[in-house]
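Down below is the structure, laid out as structure tokens.
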Amino acid sequence: MGSIVKGAIAVAAVTAGLAVGIPSTASAAQEFVTPMYGMSCSTGVSGSLGGYWGSATCTTPAIAKWKVRVSCSFGLTTDSVYIITDWTDGAKTLYPPSSCYWGVNWVQVVESA
């Protein structure tokens, strides 16, 4: 079947804000700093067939509005709700409300003004 999780590093402007996409594997987190708010983030994938979860954990140096977007295999994309965090919140982890049955293509942190 090949790799369940695939993708390429992508930075793209989206209607709601700026999205930073990093491919994730079930065994390793991807770490990066976001361009808009300078958040230190990591993305990851957990679970197994029937229930893969994409997530992002971010620490915010200032006030930031952000959410997590996960692309499931076979085309479904799901988003968490936007949250607003600041330096006093520590690391926050977000998951979209639904899992991916077959696997995860990529996980993005979407920043918004």
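Each chain of the structure tokens is named A, B, ... in the order shown, its residues numbered from 1; ligands are numbered from 1 in display order.
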
- Item | Contacts of Ser98 of chain A within 10 Å, only C-alpha atoms, excl. fewer than 5 positions in-chain, as an NGL selection string | :A and (51-54 or 70 or 77-80)

In segment 35-100 of chain A, DSSP strand (DSSP E) residues written as a PDB file with N, CA, C and O atoms, in the first residue's frame:
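What ended up in states_12.pdb:
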ATOM      1  N   SER A  40       6.266  28.366  17.901  1.00  0.00           N
ATOM      2  CA  SER A  40       7.050  27.142  17.782  1.00  0.00           C
ATOM      3  C   SER A  40       6.057  25.992  17.789  1.00  0.00           C
ATOM      4  O   SER A  40       5.342  25.785  18.770  1.00  0.00           O
ATOM      5  N   CYS A  41       5.998  25.246  16.681  1.00  0.00           N
ATOM      6  CA  CYS A  41       4.987  24.203  16.532  1.00  0.00           C
ATOM      7  C   CYS A  41       5.604  22.873  16.139  1.00  0.00           C
ATOM      8  O   CYS A  41       6.705  22.827  15.579  1.00  0.00           O
ATOM      9  N   SER A  42       4.873  21.826  16.418  1.00  0.00           N
ATOM     10  CA  SER A  42       5.202  20.504  15.907  1.00  0.00           C
ATOM     11  C   SER A  42       3.897  19.844  15.494  1.00  0.00           C
ATOM     12  O   SER A  42       2.846  20.096  16.080  1.00  0.00           O
ATOM     13  N   THR A  43       3.966  19.040  14.443  1.00  0.00           N
ATOM     14  CA  THR A  43       2.797  18.311  13.975  1.00  0.00           C
ATOM     15  C   THR A  43       3.072  16.820  14.091  1.00  0.00           C
ATOM     16  O   THR A  43       4.223  16.395  14.119  1.00  0.00           O
ATOM     17  N   GLY A  44       2.026  16.062  14.145  1.00  0.00           N
ATOM     18  CA  GLY A  44       2.183  14.623  14.228  1.00  0.00           C
ATOM     19  C   GLY A  44       0.915  13.896  13.852  1.00  0.00           C
ATOM     20  O   GLY A  44      -0.145  14.503  13.695  1.00  0.00           O
ATOM     21  N   VAL A  45       1.035  12.603  13.684  1.00  0.00           N
ATOM     22  CA  VAL A  45      -0.084  11.735  13.353  1.00  0.00           C
ATOM     23  C   VAL A  45      -0.030  10.540  14.297  1.00  0.00           C
ATOM     24  O   VAL A  45       1.035   9.981  14.548  1.00  0.00           O
ATOM     25  N   SER A  46      -1.186  10.176  14.814  1.00  0.00           N
ATOM     26  CA  SER A  46      -1.270   9.005  15.682  1.00  0.00           C
ATOM     27  C   SER A  46      -2.463   8.161  15.250  1.00  0.00           C
ATOM     28  O   SER A  46      -3.274   8.595  14.442  1.00  0.00           O
ATOM     29  N   GLY A  47      -2.566   6.978  15.785  1.00  0.00           N
ATOM     30  CA  GLY A  47      -3.696   6.115  15.503  1.00  0.00           C
ATOM     31  C   GLY A  47      -3.343   4.987  14.564  1.00  0.00           C
ATOM     32  O   GLY A  47      -2.179   4.696  14.307  1.00  0.00           O
ATOM     33  N   SER A  48      -4.381   4.363  14.035  1.00  0.00           N
ATOM     34  CA  SER A  48      -4.217   3.242  13.118  1.00  0.00           C
ATOM     35  C   SER A  48      -5.426   3.198  12.185  1.00  0.00           C
ATOM     36  O   SER A  48      -6.333   4.022  12.309  1.00  0.00           O
ATOM     37  N   GLY A  51      -8.858   5.120  12.328  1.00  0.00           N
ATOM     38  CA  GLY A  51      -8.840   6.248  13.260  1.00  0.00           C
ATOM     39  C   GLY A  51      -7.482   6.919  13.366  1.00  0.00           C
ATOM     40  O   GLY A  51      -6.854   6.857  14.417  1.00  0.00           O
ATOM     41  N   TYR A  52      -7.007   7.518  12.262  1.00  0.00           N
ATOM     42  CA  TYR A  52      -5.771   8.310  12.311  1.00  0.00           C
ATOM     43  C   TYR A  52      -6.113   9.737  12.718  1.00  0.00           C
ATOM     44  O   TYR A  52      -7.079  10.324  12.229  1.00  0.00           O
ATOM     45  N   TRP A  53      -5.299  10.301  13.616  1.00  0.00           N
ATOM     46  CA  TRP A  53      -5.516  11.669  14.092  1.00  0.00           C
ATOM     47  C   TRP A  53      -4.308  12.528  13.743  1.00  0.00           C
ATOM     48  O   TRP A  53      -3.183  12.192  14.088  1.00  0.00           O
ATOM     49  N   GLY A  54      -4.540  13.654  13.076  1.00  0.00           N
ATOM     50  CA  GLY A  54      -3.497  14.642  12.845  1.00  0.00           C
ATOM     51  C   GLY A  54      -3.620  15.713  13.914  1.00  0.00           C
ATOM     52  O   GLY A  54      -4.734  16.083  14.305  1.00  0.00           O
ATOM     53  N   SER A  55      -2.501  16.228  14.396  1.00  0.00           N
ATOM     54  CA  SER A  55      -2.548  17.243  15.444  1.00  0.00           C
ATOM     55  C   SER A  55      -1.370  18.196  15.311  1.00  0.00           C
ATOM     56  O   SER A  55      -0.389  17.896  14.632  1.00  0.00           O
ATOM     57  N   ALA A  56      -1.478  19.321  15.991  1.00  0.00           N
ATOM     58  CA  ALA A  56      -0.367  20.271  16.086  1.00  0.00           C
ATOM     59  C   ALA A  56      -0.311  20.786  17.511  1.00  0.00           C
ATOM     60  O   ALA A  56      -1.342  21.029  18.146  1.00  0.00           O
ATOM     61  N   THR A  57       0.909  20.951  18.002  1.00  0.00           N
ATOM     62  CA  THR A  57       1.161  21.537  19.311  1.00  0.00           C
ATOM     63  C   THR A  57       1.991  22.788  19.084  1.00  0.00           C
ATOM     64  O   THR A  57       3.036  22.719  18.439  1.00  0.00           O
ATOM     65  N   CYS A  58       1.514  23.930  19.595  1.00  0.00           N
ATOM     66  CA  CYS A  58       2.208  25.197  19.390  1.00  0.00           C
ATOM     67  C   CYS A  58       2.373  25.953  20.703  1.00  0.00           C
ATOM     68  O   CYS A  58       1.501  25.917  21.564  1.00  0.00           O
ATOM     69  N   THR A  59       3.494  26.653  20.812  1.00  0.00           N
ATOM     70  CA  THR A  59       3.764  27.571  21.903  1.00  0.00           C
ATOM     71  C   THR A  59       3.839  28.955  21.288  1.00  0.00           C
ATOM     72  O   THR A  59       4.562  29.169  20.310  1.00  0.00           O
ATOM     73  N   ALA A  64      -1.942  35.036  19.502  1.00  0.00           N
ATOM     74  CA  ALA A  64      -2.075  34.423  18.182  1.00  0.00           C
ATOM     75  C   ALA A  64      -3.438  33.758  18.035  1.00  0.00           C
ATOM     76  O   ALA A  64      -3.969  33.201  18.993  1.00  0.00           O
ATOM     77  N   LYS A  65      -3.977  33.827  16.833  1.00  0.00           N
ATOM     78  CA  LYS A  65      -5.219  33.130  16.496  1.00  0.00           C
ATOM     79  C   LYS A  65      -4.852  32.059  15.467  1.00  0.00           C
ATOM     80  O   LYS A  65      -4.300  32.370  14.411  1.00  0.00           O
ATOM     81  N   TRP A  66      -5.148  30.789  15.794  1.00  0.00           N
ATOM     82  CA  TRP A  66      -4.744  29.704  14.907  1.00  0.00           C
ATOM     83  C   TRP A  66      -5.640  28.485  15.040  1.00  0.00           C
ATOM     84  O   TRP A  66      -6.415  28.372  15.981  1.00  0.00           O
ATOM     85  N   LYS A  67      -5.537  27.596  14.052  1.00  0.00           N
ATOM     86  CA  LYS A  67      -6.260  26.329  14.062  1.00  0.00           C
ATOM     87  C   LYS A  67      -5.415  25.285  13.348  1.00  0.00           C
ATOM     88  O   LYS A  67      -4.367  25.600  12.768  1.00  0.00           O
ATOM     89  N   VAL A  68      -5.878  24.040  13.363  1.00  0.00           N
ATOM     90  CA  VAL A  68      -5.193  22.932  12.707  1.00  0.00           C
ATOM     91  C   VAL A  68      -6.075  22.422  11.570  1.00  0.00           C
ATOM     92  O   VAL A  68      -7.283  22.252  11.743  1.00  0.00           O
ATOM     93  N   ARG A  69      -5.451  22.185  10.418  1.00  0.00           N
ATOM     94  CA  ARG A  69      -6.125  21.604   9.252  1.00  0.00           C
ATOM     95  C   ARG A  69      -5.429  20.288   8.917  1.00  0.00           C
ATOM     96  O   ARG A  69      -4.206  20.239   8.816  1.00  0.00           O
ATOM     97  N   VAL A  70      -6.232  19.233   8.748  1.00  0.00           N
ATOM     98  CA  VAL A  70      -5.700  17.910   8.441  1.00  0.00           C
ATOM     99  C   VAL A  70      -6.315  17.423   7.133  1.00  0.00           C
ATOM    100  O   VAL A  70      -7.536  17.446   6.965  1.00  0.00           O
ATOM    101  N   SER A  71      -5.448  16.977   6.223  1.00  0.00           N
ATOM    102  CA  SER A  71      -5.891  16.388   4.968  1.00  0.00           C
ATOM    103  C   SER A  71      -5.857  14.871   5.111  1.00  0.00           C
ATOM    104  O   SER A  71      -4.800  14.271   5.331  1.00  0.00           O
ATOM    105  N   CYS A  72      -7.031  14.269   4.993  1.00  0.00           N
ATOM    106  CA  CYS A  72      -7.133  12.819   5.073  1.00  0.00           C
ATOM    107  C   CYS A  72      -6.869  12.204   3.701  1.00  0.00           C
ATOM    108  O   CYS A  72      -7.129  12.827   2.675  1.00  0.00           O
ATOM    109  N   THR A  77     -10.818  16.926   4.035  1.00  0.00           N
ATOM    110  CA  THR A  77      -9.994  17.840   4.837  1.00  0.00           C
ATOM    111  C   THR A  77     -10.853  18.320   5.991  1.00  0.00           C
ATOM    112  O   THR A  77     -11.999  18.698   5.809  1.00  0.00           O
ATOM    113  N   THR A  78     -10.292  18.295   7.187  1.00  0.00           N
ATOM    114  CA  THR A  78     -11.038  18.681   8.373  1.00  0.00           C
ATOM    115  C   THR A  78     -10.237  19.697   9.191  1.00  0.00           C
ATOM    116  O   THR A  78      -9.013  19.633   9.223  1.00  0.00           O
ATOM    117  N   ASP A  79     -10.918  20.651   9.807  1.00  0.00           N
ATOM    118  CA  ASP A  79     -10.297  21.717  10.588  1.00  0.00           C
ATOM    119  C   ASP A  79     -10.739  21.654  12.046  1.00  0.00           C
ATOM    120  O   ASP A  79     -11.875  21.290  12.341  1.00  0.00           O
ATOM    121  N   ILE A  83      -8.471  28.977  17.871  1.00  0.00           N
ATOM    122  CA  ILE A  83      -8.282  29.365  19.267  1.00  0.00           C
ATOM    123  C   ILE A  83      -7.344  30.570  19.299  1.00  0.00           C
ATOM    124  O   ILE A  83      -6.607  30.817  18.343  1.00  0.00           O
ATOM    125  N   ILE A  84      -7.401  31.291  20.386  1.00  0.00           N
ATOM    126  CA  ILE A  84      -6.488  32.422  20.606  1.00  0.00           C
ATOM    127  C   ILE A  84      -5.641  32.074  21.820  1.00  0.00           C
ATOM    128  O   ILE A  84      -6.167  31.750  22.885  1.00  0.00           O
ATOM    129  N   THR A  85      -4.315  32.113  21.629  1.00  0.00           N
ATOM    130  CA  THR A  85      -3.390  31.783  22.705  1.00  0.00           C
ATOM    131  C   THR A  85      -2.384  32.910  22.884  1.00  0.00           C
ATOM    132  O   THR A  85      -2.216  33.750  22.010  1.00  0.00           O
ATOM    133  N   ALA A  91       2.284  25.298  25.939  1.00  0.00           N
ATOM    134  CA  ALA A  91       2.041  24.528  24.719  1.00  0.00           C
ATOM    135  C   ALA A  91       0.572  24.099  24.656  1.00  0.00           C
ATOM    136  O   ALA A  91       0.036  23.562  25.616  1.00  0.00           O
ATOM    137  N   LYS A  92      -0.055  24.335  23.525  1.00  0.00           N
ATOM    138  CA  LYS A  92      -1.446  23.934  23.294  1.00  0.00           C
ATOM    139  C   LYS A  92      -1.480  22.957  22.138  1.00  0.00           C
ATOM    140  O   LYS A  92      -0.835  23.167  21.111  1.00  0.00           O
ATOM    141  N   THR A  93      -2.243  21.886  22.292  1.00  0.00           N
ATOM    142  CA  THR A  93      -2.394  20.889  21.235  1.00  0.00           C
ATOM    143  C   THR A  93      -3.821  20.916  20.714  1.00  0.00           C
ATOM    144  O   THR A  93      -4.771  20.907  21.509  1.00  0.00           O
ATOM    145  N   LEU A  94      -3.955  20.957  19.382  1.00  0.00           N
ATOM    146  CA  LEU A  94      -5.272  20.947  18.748  1.00  0.00           C
ATOM    147  C   LEU A  94      -5.401  19.744  17.824  1.00  0.00           C
ATOM    148  O   LEU A  94      -4.454  19.376  17.129  1.00  0.00           O
TER     149      LEU A  94
END

- Which residue out of A:Glu31, A:Thr88, A:Tyr82, A:Gly50 has the minimum interatomic distance to Glu111 of chain A when only C-alpha atoms are used?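 So, comparing all the options, the nearest one is A:Tyr82.
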
- Message: Please report the interatomic distance between atom CA of Ser73 of chain A and atom CA of Val110 of chain A in Å with one decimal.
- Response: 19.4 Å

- Item | Top pick for closest residue to Ser99 of chain A, considering A:Ile63, A:Ala113, A:Leu49, A:Val81 and counting only C-alpha atoms |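 Comparing A:Ile63, A:Ala113, A:Leu49, A:Val81 against Ser99 of chain A, the winner is A:Leu49.
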
- Between A:Trp106, A:Phe32, A:Tyr95, A:Tyr37, single out the one closest to Gly75 of chain A, counting only C-alpha atoms. A:Trp106
